[in-house]
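Structure data follow from coords_18.pdb (PDB, C-alpha atoms):
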ATOM      1  CA  MET A   1     -23.830  -8.614   8.000  1.00  0.00           C
ATOM      2  CA  GLY A   2     -22.572 -10.667   5.041  1.00  0.00           C
ATOM      3  CA  GLN A   3     -20.555  -7.756   3.710  1.00  0.00           C
ATOM      4  CA  LEU A   4     -18.902  -7.249   7.111  1.00  0.00           C
ATOM      5  CA  ILE A   5     -17.821 -10.890   7.182  1.00  0.00           C
ATOM      6  CA  GLU A   6     -16.486 -10.574   3.618  1.00  0.00           C
ATOM      7  CA  LEU A   7     -14.639  -7.420   4.659  1.00  0.00           C
ATOM      8  CA  VAL A   8     -12.937  -9.170   7.591  1.00  0.00           C
ATOM      9  CA  LEU A   9     -11.994 -12.178   5.442  1.00  0.00           C
ATOM     10  CA  VAL A  10     -10.635 -10.048   2.584  1.00  0.00           C
ATOM     11  CA  PHE A  11      -8.469  -7.970   4.909  1.00  0.00           C
ATOM     12  CA  PHE A  12      -7.404 -11.053   6.855  1.00  0.00           C
ATOM     13  CA  LYS A  13      -6.169 -12.474   3.538  1.00  0.00           C
ATOM     14  CA  ILE A  14      -4.492  -9.161   2.681  1.00  0.00           C
ATOM     15  CA  GLY A  15      -2.789  -9.110   6.088  1.00  0.00           C
ATOM     16  CA  LEU A  16      -1.814 -12.740   5.655  1.00  0.00           C
ATOM     17  CA  PHE A  17      -0.047 -12.052   2.356  1.00  0.00           C
ATOM     18  CA  SER A  18       1.413  -8.648   3.180  1.00  0.00           C
ATOM     19  CA  ILE A  19       4.991  -9.857   3.160  1.00  0.00           C
ATOM     20  CA  GLY A  20       7.096  -6.757   2.659  1.00  0.00           C
ATOM     21  CA  GLY A  21       4.407  -4.505   4.102  1.00  0.00           C
ATOM     22  CA  GLY A  22       3.554  -0.996   2.958  1.00  0.00           C
ATOM     23  CA  TYR A  23       3.863  -0.402  -0.753  1.00  0.00           C
ATOM     24  CA  ALA A  24       4.283  -4.085  -1.540  1.00  0.00           C
ATOM     25  CA  ILE A  25       0.682  -4.773  -0.531  1.00  0.00           C
ATOM     26  CA  ILE A  26      -1.002  -2.021  -2.588  1.00  0.00           C
ATOM     27  CA  PRO A  27      -1.502  -4.198  -5.717  1.00  0.00           C
ATOM     28  CA  LEU A  28      -3.206  -6.933  -3.660  1.00  0.00           C
ATOM     29  CA  ILE A  29      -5.524  -4.464  -1.922  1.00  0.00           C
ATOM     30  CA  GLN A  30      -6.360  -2.877  -5.279  1.00  0.00           C
ATOM     31  CA  ALA A  31      -7.058  -6.262  -6.864  1.00  0.00           C
ATOM     32  CA  GLN A  32      -9.445  -7.213  -4.062  1.00  0.00           C
ATOM     33  CA  VAL A  33     -11.391  -4.045  -3.270  1.00  0.00           C
ATOM     34  CA  VAL A  34     -11.442  -2.371  -6.699  1.00  0.00           C
ATOM     35  CA  GLU A  35     -11.262  -5.149  -9.267  1.00  0.00           C
ATOM     36  CA  HIS A  36     -12.651  -8.293  -7.611  1.00  0.00           C
ATOM     37  CA  TYR A  37     -15.355  -6.973  -5.263  1.00  0.00           C
ATOM     38  CA  GLY A  38     -15.878  -3.550  -6.863  1.00  0.00           C
ATOM     39  CA  TRP A  39     -16.441  -1.973  -3.438  1.00  0.00           C
ATOM     40  CA  ILE A  40     -14.732   1.289  -4.409  1.00  0.00           C
ATOM     41  CA  SER A  41     -13.648   2.984  -7.622  1.00  0.00           C
ATOM     42  CA  GLN A  42     -10.073   3.322  -8.820  1.00  0.00           C
ATOM     43  CA  LYS A  43     -10.216   7.054  -8.079  1.00  0.00           C
ATOM     44  CA  THR A  44     -11.419   6.479  -4.509  1.00  0.00           C
ATOM     45  CA  PHE A  45      -8.700   3.864  -4.049  1.00  0.00           C
ATOM     46  CA  THR A  46      -6.056   6.343  -5.210  1.00  0.00           C
ATOM     47  CA  ASP A  47      -7.397   8.948  -2.797  1.00  0.00           C
ATOM     48  CA  ILE A  48      -7.366   6.426   0.065  1.00  0.00           C
ATOM     49  CA  ILE A  49      -3.750   5.451  -0.679  1.00  0.00           C
ATOM     50  CA  THR A  50      -2.775   9.132  -0.696  1.00  0.00           C
ATOM     51  CA  ILE A  51      -4.489   9.798   2.639  1.00  0.00           C
ATOM     52  CA  SER A  52      -3.062   6.584   4.111  1.00  0.00           C
ATOM     53  CA  GLN A  53       0.456   7.720   3.267  1.00  0.00           C
ATOM     54  CA  MET A  54      -0.049  11.039   5.036  1.00  0.00           C
ATOM     55  CA  THR A  55      -1.505   9.625   8.241  1.00  0.00           C
ATOM     56  CA  PRO A  56       0.647   8.039  10.957  1.00  0.00           C
ATOM     57  CA  GLY A  57       0.817   4.266  11.031  1.00  0.00           C
ATOM     58  CA  PRO A  58       1.419   1.385   8.640  1.00  0.00           C
ATOM     59  CA  LEU A  59       0.088   1.861   5.123  1.00  0.00           C
ATOM     60  CA  ALA A  60      -1.845  -1.429   4.992  1.00  0.00           C
ATOM     61  CA  VAL A  61      -3.554  -0.743   8.328  1.00  0.00           C
ATOM     62  CA  ASN A  62      -4.455   2.839   7.405  1.00  0.00           C
ATOM     63  CA  THR A  63      -5.726   1.712   4.014  1.00  0.00           C
ATOM     64  CA  SER A  64      -7.848  -1.056   5.506  1.00  0.00           C
ATOM     65  CA  THR A  65      -9.352   1.406   7.979  1.00  0.00           C
ATOM     66  CA  PHE A  66     -10.260   3.965   5.304  1.00  0.00           C
ATOM     67  CA  ILE A  67     -11.631   1.326   2.936  1.00  0.00           C
ATOM     68  CA  GLY A  68     -13.668  -0.190   5.788  1.00  0.00           C
ATOM     69  CA  ILE A  69     -15.202   3.226   6.495  1.00  0.00           C
ATOM     70  CA  GLN A  70     -16.087   3.657   2.807  1.00  0.00           C
ATOM     71  CA  ILE A  71     -17.751   0.260   2.631  1.00  0.00           C
ATOM     72  CA  ALA A  72     -19.503  -0.158   5.993  1.00  0.00           C
ATOM     73  CA  GLY A  73     -18.897   2.864   8.219  1.00  0.00           C
ATOM     74  CA  ILE A  74     -17.273   2.595  11.659  1.00  0.00           C
ATOM     75  CA  ALA A  75     -18.033  -1.129  12.015  1.00  0.00           C
ATOM     76  CA  GLY A  76     -16.375  -1.718   8.634  1.00  0.00           C
ATOM     77  CA  ALA A  77     -13.316   0.282   9.673  1.00  0.00           C
ATOM     78  CA  VAL A  78     -12.911  -1.672  12.915  1.00  0.00           C
ATOM     79  CA  LEU A  79     -13.426  -5.058  11.279  1.00  0.00           C
ATOM     80  CA  ALA A  80     -11.206  -4.360   8.241  1.00  0.00           C
ATOM     81  CA  THR A  81      -8.430  -3.101  10.500  1.00  0.00           C
ATOM     82  CA  ALA A  82      -8.769  -6.086  12.837  1.00  0.00           C
ATOM     83  CA  GLY A  83      -8.755  -8.471   9.876  1.00  0.00           C
ATOM     84  CA  CYS A  84      -5.615  -6.841   8.518  1.00  0.00           C
ATOM     85  CA  VAL A  85      -3.602  -6.911  11.752  1.00  0.00           C
ATOM     86  CA  ILE A  86      -4.672 -10.187  13.365  1.00  0.00           C
ATOM     87  CA  SER A  87      -2.951 -12.281  10.720  1.00  0.00           C
ATOM     88  CA  GLY A  88       0.289 -10.321  11.239  1.00  0.00           C
ATOM     89  CA  ILE A  89       0.088 -10.884  14.980  1.00  0.00           C
ATOM     90  CA  LEU A  90      -0.471 -14.614  14.544  1.00  0.00           C
ATOM     91  CA  ILE A  91       2.300 -14.926  11.958  1.00  0.00           C
ATOM     92  CA  SER A  92       4.714 -12.963  14.168  1.00  0.00           C
ATOM     93  CA  LEU A  93       4.067 -15.259  17.118  1.00  0.00           C
ATOM     94  CA  LEU A  94       4.544 -18.378  14.995  1.00  0.00           C
ATOM     95  CA  LEU A  95       7.680 -17.026  13.320  1.00  0.00           C
ATOM     96  CA  TYR A  96       9.173 -16.032  16.644  1.00  0.00           C
ATOM     97  CA  ARG A  97       8.833 -19.595  17.905  1.00  0.00           C
ATOM     98  CA  PHE A  98      10.115 -21.030  14.620  1.00  0.00           C
ATOM     99  CA  PHE A  99      13.188 -18.776  14.381  1.00  0.00           C
ATOM    100  CA  LYS A 100      14.006 -19.265  18.023  1.00  0.00           C
ATOM    101  CA  LYS A 101      14.116 -23.007  17.372  1.00  0.00           C
ATOM    102  CA  HIS A 102      16.015 -22.799  14.030  1.00  0.00           C
ATOM    103  CA  ARG A 103      18.203 -19.718  14.484  1.00  0.00           C
ATOM    104  CA  GLU A 104      21.391 -21.398  13.204  1.00  0.00           C
ATOM    105  CA  SER A 105      19.989 -22.837   9.948  1.00  0.00           C
ATOM    106  CA  ASP A 106      21.554 -21.781   6.611  1.00  0.00           C
ATOM    107  CA  TYR A 107      18.375 -22.879   4.788  1.00  0.00           C
ATOM    108  CA  ILE A 108      16.255 -20.431   6.738  1.00  0.00           C
ATOM    109  CA  PHE A 109      18.723 -17.648   5.922  1.00  0.00           C
ATOM    110  CA  GLN A 110      18.411 -18.440   2.185  1.00  0.00           C
ATOM    111  CA  VAL A 111      14.598 -18.476   2.336  1.00  0.00           C
ATOM    112  CA  LEU A 112      14.631 -15.033   3.955  1.00  0.00           C
ATOM    113  CA  ASN A 113      16.884 -13.723   1.170  1.00  0.00           C
ATOM    114  CA  GLY A 114      14.351 -15.007  -1.380  1.00  0.00           C
ATOM    115  CA  LEU A 115      11.523 -13.258   0.449  1.00  0.00           C
ATOM    116  CA  LYS A 116      13.473  -9.999   0.413  1.00  0.00           C
ATOM    117  CA  ALA A 117      13.812 -10.231  -3.378  1.00  0.00           C
ATOM    118  CA  SER A 118      10.112 -10.903  -3.892  1.00  0.00           C
ATOM    119  CA  SER A 119       9.236  -7.980  -1.596  1.00  0.00           C
ATOM    120  CA  LEU A 120      11.362  -5.691  -3.741  1.00  0.00           C
ATOM    121  CA  GLY A 121       9.440  -6.796  -6.822  1.00  0.00           C
ATOM    122  CA  LEU A 122       6.126  -6.051  -5.112  1.00  0.00           C
ATOM    123  CA  ILE A 123       7.356  -2.607  -4.034  1.00  0.00           C
ATOM    124  CA  VAL A 124       8.445  -1.769  -7.598  1.00  0.00           C
ATOM    125  CA  SER A 125       5.038  -2.934  -8.874  1.00  0.00           C
ATOM    126  CA  ALA A 126       3.282  -0.680  -6.356  1.00  0.00           C
ATOM    127  CA  ALA A 127       5.485   2.279  -7.317  1.00  0.00           C
ATOM    128  CA  VAL A 128       4.673   1.807 -11.001  1.00  0.00           C
ATOM    129  CA  THR A 129       0.947   1.549 -10.182  1.00  0.00           C
ATOM    130  CA  ILE A 130       1.042   4.753  -8.119  1.00  0.00           C
ATOM    131  CA  LEU A 131       2.942   6.625 -10.847  1.00  0.00           C
ATOM    132  CA  LEU A 132       0.519   5.418 -13.513  1.00  0.00           C
ATOM    133  CA  LEU A 133      -2.437   6.481 -11.369  1.00  0.00           C
ATOM    134  CA  ALA A 134      -0.912   9.901 -10.763  1.00  0.00           C
ATOM    135  CA  PHE A 135       0.092  10.558 -14.361  1.00  0.00           C
ATOM    136  CA  THR A 136      -2.662   8.810 -16.341  1.00  0.00           C
ATOM    137  CA  GLY A 137      -5.582   8.196 -13.956  1.00  0.00           C
ATOM    138  CA  SER A 138      -5.349   4.438 -14.494  1.00  0.00           C
ATOM    139  CA  GLY A 139      -3.259   1.849 -12.702  1.00  0.00           C
ATOM    140  CA  GLU A 140      -2.788  -0.232 -15.854  1.00  0.00           C
ATOM    141  CA  LEU A 141      -0.810   0.164 -19.058  1.00  0.00           C
ATOM    142  CA  SER A 142      -3.106   0.523 -22.056  1.00  0.00           C
ATOM    143  CA  GLY A 143      -3.055   2.052 -25.515  1.00  0.00           C
ATOM    144  CA  ASP A 144      -5.542   4.804 -24.735  1.00  0.00           C
ATOM    145  CA  MET A 145      -3.703   6.320 -21.766  1.00  0.00           C
ATOM    146  CA  ARG A 146      -3.554  10.096 -21.578  1.00  0.00           C
ATOM    147  CA  MET A 147      -0.705  11.756 -19.771  1.00  0.00           C
ATOM    148  CA  ASP A 148      -1.625  14.339 -17.135  1.00  0.00           C
ATOM    149  CA  TRP A 149       1.180  16.782 -17.887  1.00  0.00           C
ATOM    150  CA  ILE A 150       0.288  19.066 -14.985  1.00  0.00           C
ATOM    151  CA  ALA A 151       0.725  16.187 -12.526  1.00  0.00           C
ATOM    152  CA  ALA A 152       3.999  15.207 -14.204  1.00  0.00           C
ATOM    153  CA  VAL A 153       5.378  18.757 -13.986  1.00  0.00           C
ATOM    154  CA  VAL A 154       4.311  19.148 -10.331  1.00  0.00           C
ATOM    155  CA  PHE A 155       5.889  15.762  -9.531  1.00  0.00           C
ATOM    156  CA  ALA A 156       9.143  16.586 -11.337  1.00  0.00           C
ATOM    157  CA  GLY A 157       9.343  20.018  -9.731  1.00  0.00           C
ATOM    158  CA  SER A 158       8.690  18.725  -6.221  1.00  0.00           C
ATOM    159  CA  PHE A 159      11.108  15.813  -6.695  1.00  0.00           C
ATOM    160  CA  PHE A 160      13.784  18.221  -7.897  1.00  0.00           C
ATOM    161  CA  ALA A 161      13.169  20.604  -4.970  1.00  0.00           C
ATOM    162  CA  LEU A 162      13.314  17.756  -2.464  1.00  0.00           C
ATOM    163  CA  ARG A 163      16.568  16.366  -3.887  1.00  0.00           C
ATOM    164  CA  LYS A 164      18.376  19.573  -4.827  1.00  0.00           C
ATOM    165  CA  TRP A 165      17.436  21.956  -2.024  1.00  0.00           C
ATOM    166  CA  LYS A 166      16.404  19.438   0.671  1.00  0.00           C
ATOM    167  CA  VAL A 167      13.012  21.145   1.116  1.00  0.00           C
ATOM    168  CA  ASN A 168      11.060  19.940   4.138  1.00  0.00           C
ATOM    169  CA  PRO A 169       8.766  17.083   2.918  1.00  0.00           C
ATOM    170  CA  ILE A 170       5.815  18.349   4.984  1.00  0.00           C
ATOM    171  CA  LEU A 171       6.138  21.769   3.367  1.00  0.00           C
ATOM    172  CA  MET A 172       6.307  20.070  -0.038  1.00  0.00           C
ATOM    173  CA  ILE A 173       3.106  18.119   0.702  1.00  0.00           C
ATOM    174  CA  VAL A 174       1.328  21.343   1.648  1.00  0.00           C
ATOM    175  CA  VAL A 175       2.630  23.228  -1.401  1.00  0.00           C
ATOM    176  CA  THR A 176       1.759  20.469  -3.869  1.00  0.00           C
ATOM    177  CA  GLY A 177      -1.640  20.043  -2.190  1.00  0.00           C
ATOM    178  CA  VAL A 178      -2.363  23.727  -2.703  1.00  0.00           C
ATOM    179  CA  ILE A 179      -1.154  23.525  -6.309  1.00  0.00           C
ATOM    180  CA  GLY A 180      -3.391  20.497  -6.891  1.00  0.00           C
ATOM    181  CA  GLY A 181      -6.336  22.237  -5.250  1.00  0.00           C
ATOM    182  CA  VAL A 182      -5.918  25.281  -7.466  1.00  0.00           C
ATOM    183  CA  LEU A 183      -5.257  23.439 -10.737  1.00  0.00           C
ATOM    184  CA  TYR A 184      -7.761  20.623 -10.343  1.00  0.00           C
TER     185      TYR A 184
END
Output the structure of this file as structure tokens.
Amino acid sequence: MGQLIELVLVFFKIGLFSIGGGYAIIPLIQAQVVEHYGWISQKTFTDIITISQMTPGPLAVNTSTFIGIQIAGIAGAVLATAGCVISGILISLLLYRFFKKHRESDYIFQVLNGLKASSLGLIVSAAVTILLLAFTGSGELSGDMRMDWIAAVVFAGSFFALRKWKVNPILMIVVTGVIGGVLY
């Protein structure tokens, strides 16, 4: 029971600070569930992020659901998901009332521009973490990193095919999944 309460509180906090959504929240989720609580390994976290990107719905919600299942089964999935979304619902209701009241304010406009910039920084941080995980197996820069050249070549080839020949992304996911399944 204590772990379920912790799960709800952790994902409530994650939902509360998920300004920018999606990729911007990955470092916070990783810091909580992998580093701070040690509920899942870095490898499992990477797998969950990958699956969360392929399933319909917001990344943070999908991730919270999959992590909840890993930690505490169906009850964990329901509670982690609820914890993640309830803060967004509450914030949205409060912001709606606030912006309705202050819709003409230049100060509010400037604050929103600042939030956009910080969200961009979080998204870049998440992208770097994902690339490091894919190419080195670790989400951190360190002196003993080993490059996974197969992953780098598959990434470069798929990126090139997507950009140059406009290959269907779903087809590319299937092809790279098969390549990964064969090579790994």
Please report, as a Markdown table, each residue of region 13-33 of chain A lying at most 12 Å from region 135-142 of chain A, together with the nearest pair of atoms and the separation in Å rounded to one decimal; use all atoms listed in the file, and order rows by chain and ascending residue number.
| residue | atom | partner | partner_atom | distance |
| --- | --- | --- | --- | --- |
| A:Ile26 | CA | A:Gly139 | CA | 11.1 |
| A:Pro27 | CA | A:Gly139 | CA | 9.4 |
| A:Gln30 | CA | A:Gly139 | CA | 9.3 |
| A:Ala31 | CA | A:Gly139 | CA | 10.7 |
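Here CA of Lys13 (chain A) stands at a distance of 26.7 Å from CA of Tyr107 (chain A).
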Distance criterion (all atoms listed in the file): nearest to Phe66 (chain A) out of A:Asp47, A:Glu35, A:Asp144, A:Asp106: A:Asp47
Target residues per the PyMOL selection byres ((chain A and resi 49-63) around 7), formatted as a VMD selection string: chain A and resid 22 25 45 to 48 64 to 67 81 84
Neighbour list for Val33 (chain A) as a ChimeraX atom specification, cut-off 10 Å, all atoms listed in the file, skip fewer than 4 positions in-chain: /A:7,10-11,28-29,37-42,45,64,67,71
Interatomic distance, CA of Phe99 (chain A) to CA of Ser87 (chain A) (Å, one decimal): 17.8 Å
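Our summary of the geometry notes that CA of Ala77 (chain A) is positioned 22.8 Å from CA of Ser92 (chain A).
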I want to know what sits within 12 Å of Ile108 (chain A), based on all atoms listed in the file, with residues of the same chain fewer than 6 positions away left out; could you give that as a tab-separated table (two decimals) with C-alpha atoms, keeping the file's coordinate frame?
chain	number	residue	atom	x	y	z
A	95	LEU	CA	7.68	-17.03	13.32
A	98	PHE	CA	10.12	-21.03	14.62
A	99	PHE	CA	13.19	-18.78	14.38
A	100	LYS	CA	14.01	-19.26	18.02
A	101	LYS	CA	14.12	-23.01	17.37
A	102	HIS	CA	16.02	-22.80	14.03
A	114	GLY	CA	14.35	-15.01	-1.38
A	115	LEU	CA	11.52	-13.26	0.45
Local residues around (-19.8, -10.6, 7.6), at most 12 Å away, using only C-alpha atoms, as a PyMOL selection string: chain A and resi 1-11+72+75-76+79-80+83
Let me have the centre and edge lengths in Å, one decimal, of the box along x, y and z around every listed atom of region 154-159 of chain A with 3 Å of margin on each side, as lines of an AutoDock Vina configuration file.
center_x = 7.7
center_y = 17.9
center_z = -8.8
size_x = 12.8
size_y = 10.3
size_z = 11.1
Residues matched by the PyMOL selection byres ((chain A and resi 151-165) around 12), written as a ChimeraX atom specification: /A:131-137,146-150,166-181,183-184
May I ask you to restore N, CA and C atoms in region 80-107 of chain A and write the result as a short mmCIF file (atom, residue, chain, number, x, y, z; two decimals), keeping the file's coordinate frame?
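The result, stored in rebuild_10.cif:
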data_model
loop_
_atom_site.label_atom_id
_atom_site.label_comp_id
_atom_site.auth_asym_id
_atom_site.auth_seq_id
_atom_site.Cartn_x
_atom_site.Cartn_y
_atom_site.Cartn_z
N ALA A 80 -12.26 -4.28 9.27
CA ALA A 80 -11.21 -4.36 8.24
C ALA A 80 -9.83 -4.21 8.88
N THR A 81 -9.71 -3.30 9.81
CA THR A 81 -8.43 -3.10 10.50
C THR A 81 -8.06 -4.34 11.32
N ALA A 82 -9.02 -4.87 12.04
CA ALA A 82 -8.77 -6.09 12.84
C ALA A 82 -8.38 -7.24 11.93
N GLY A 83 -9.09 -7.41 10.82
CA GLY A 83 -8.76 -8.47 9.88
C GLY A 83 -7.35 -8.33 9.33
N CYS A 84 -6.94 -7.09 9.08
CA CYS A 84 -5.62 -6.84 8.52
C CYS A 84 -4.50 -7.14 9.52
N VAL A 85 -4.70 -6.77 10.78
CA VAL A 85 -3.60 -6.91 11.75
C VAL A 85 -3.55 -8.25 12.46
N ILE A 86 -4.68 -8.94 12.59
CA ILE A 86 -4.67 -10.19 13.36
C ILE A 86 -3.79 -11.25 12.71
N SER A 87 -3.80 -11.29 11.38
CA SER A 87 -2.95 -12.28 10.72
C SER A 87 -1.48 -11.97 10.96
N GLY A 88 -1.10 -10.70 10.97
CA GLY A 88 0.29 -10.32 11.24
C GLY A 88 0.70 -10.69 12.65
N ILE A 89 -0.20 -10.51 13.59
CA ILE A 89 0.09 -10.88 14.98
C ILE A 89 0.30 -12.39 15.09
N LEU A 90 -0.60 -13.15 14.49
CA LEU A 90 -0.47 -14.61 14.54
C LEU A 90 0.80 -15.10 13.85
N ILE A 91 1.09 -14.54 12.69
CA ILE A 91 2.30 -14.93 11.96
C ILE A 91 3.55 -14.57 12.77
N SER A 92 3.56 -13.38 13.37
CA SER A 92 4.71 -12.96 14.17
C SER A 92 4.96 -13.92 15.33
N LEU A 93 3.91 -14.31 16.00
CA LEU A 93 4.07 -15.26 17.12
C LEU A 93 4.60 -16.61 16.64
N LEU A 94 4.07 -17.10 15.53
CA LEU A 94 4.54 -18.38 15.00
C LEU A 94 5.99 -18.28 14.50
N LEU A 95 6.31 -17.19 13.82
CA LEU A 95 7.68 -17.03 13.32
C LEU A 95 8.69 -16.86 14.45
N TYR A 96 8.29 -16.18 15.50
CA TYR A 96 9.17 -16.03 16.64
C TYR A 96 9.54 -17.41 17.20
N ARG A 97 8.57 -18.24 17.38
CA ARG A 97 8.83 -19.60 17.90
C ARG A 97 9.69 -20.40 16.93
N PHE A 98 9.38 -20.29 15.63
CA PHE A 98 10.12 -21.03 14.62
C PHE A 98 11.58 -20.59 14.56
N PHE A 99 11.82 -19.27 14.49
CA PHE A 99 13.19 -18.78 14.38
C PHE A 99 13.98 -18.99 15.66
N LYS A 100 13.32 -18.98 16.76
CA LYS A 100 14.01 -19.26 18.02
C LYS A 100 14.52 -20.71 18.01
N LYS A 101 13.74 -21.59 17.44
CA LYS A 101 14.12 -23.01 17.37
C LYS A 101 15.18 -23.28 16.30
N HIS A 102 15.14 -22.54 15.18
CA HIS A 102 16.02 -22.80 14.03
C HIS A 102 16.95 -21.63 13.73
N ARG A 103 17.43 -20.94 14.72
CA ARG A 103 18.20 -19.72 14.48
C ARG A 103 19.56 -19.94 13.81
N GLU A 104 20.07 -21.13 13.80
CA GLU A 104 21.39 -21.40 13.20
C GLU A 104 21.32 -21.99 11.79
N SER A 105 20.16 -22.15 11.22
CA SER A 105 19.99 -22.84 9.95
C SER A 105 20.35 -21.95 8.75
N ASP A 106 21.21 -22.48 7.85
CA ASP A 106 21.55 -21.78 6.61
C ASP A 106 20.37 -21.77 5.65
N TYR A 107 19.53 -22.81 5.67
CA TYR A 107 18.38 -22.88 4.79
C TYR A 107 17.38 -21.75 5.09
#
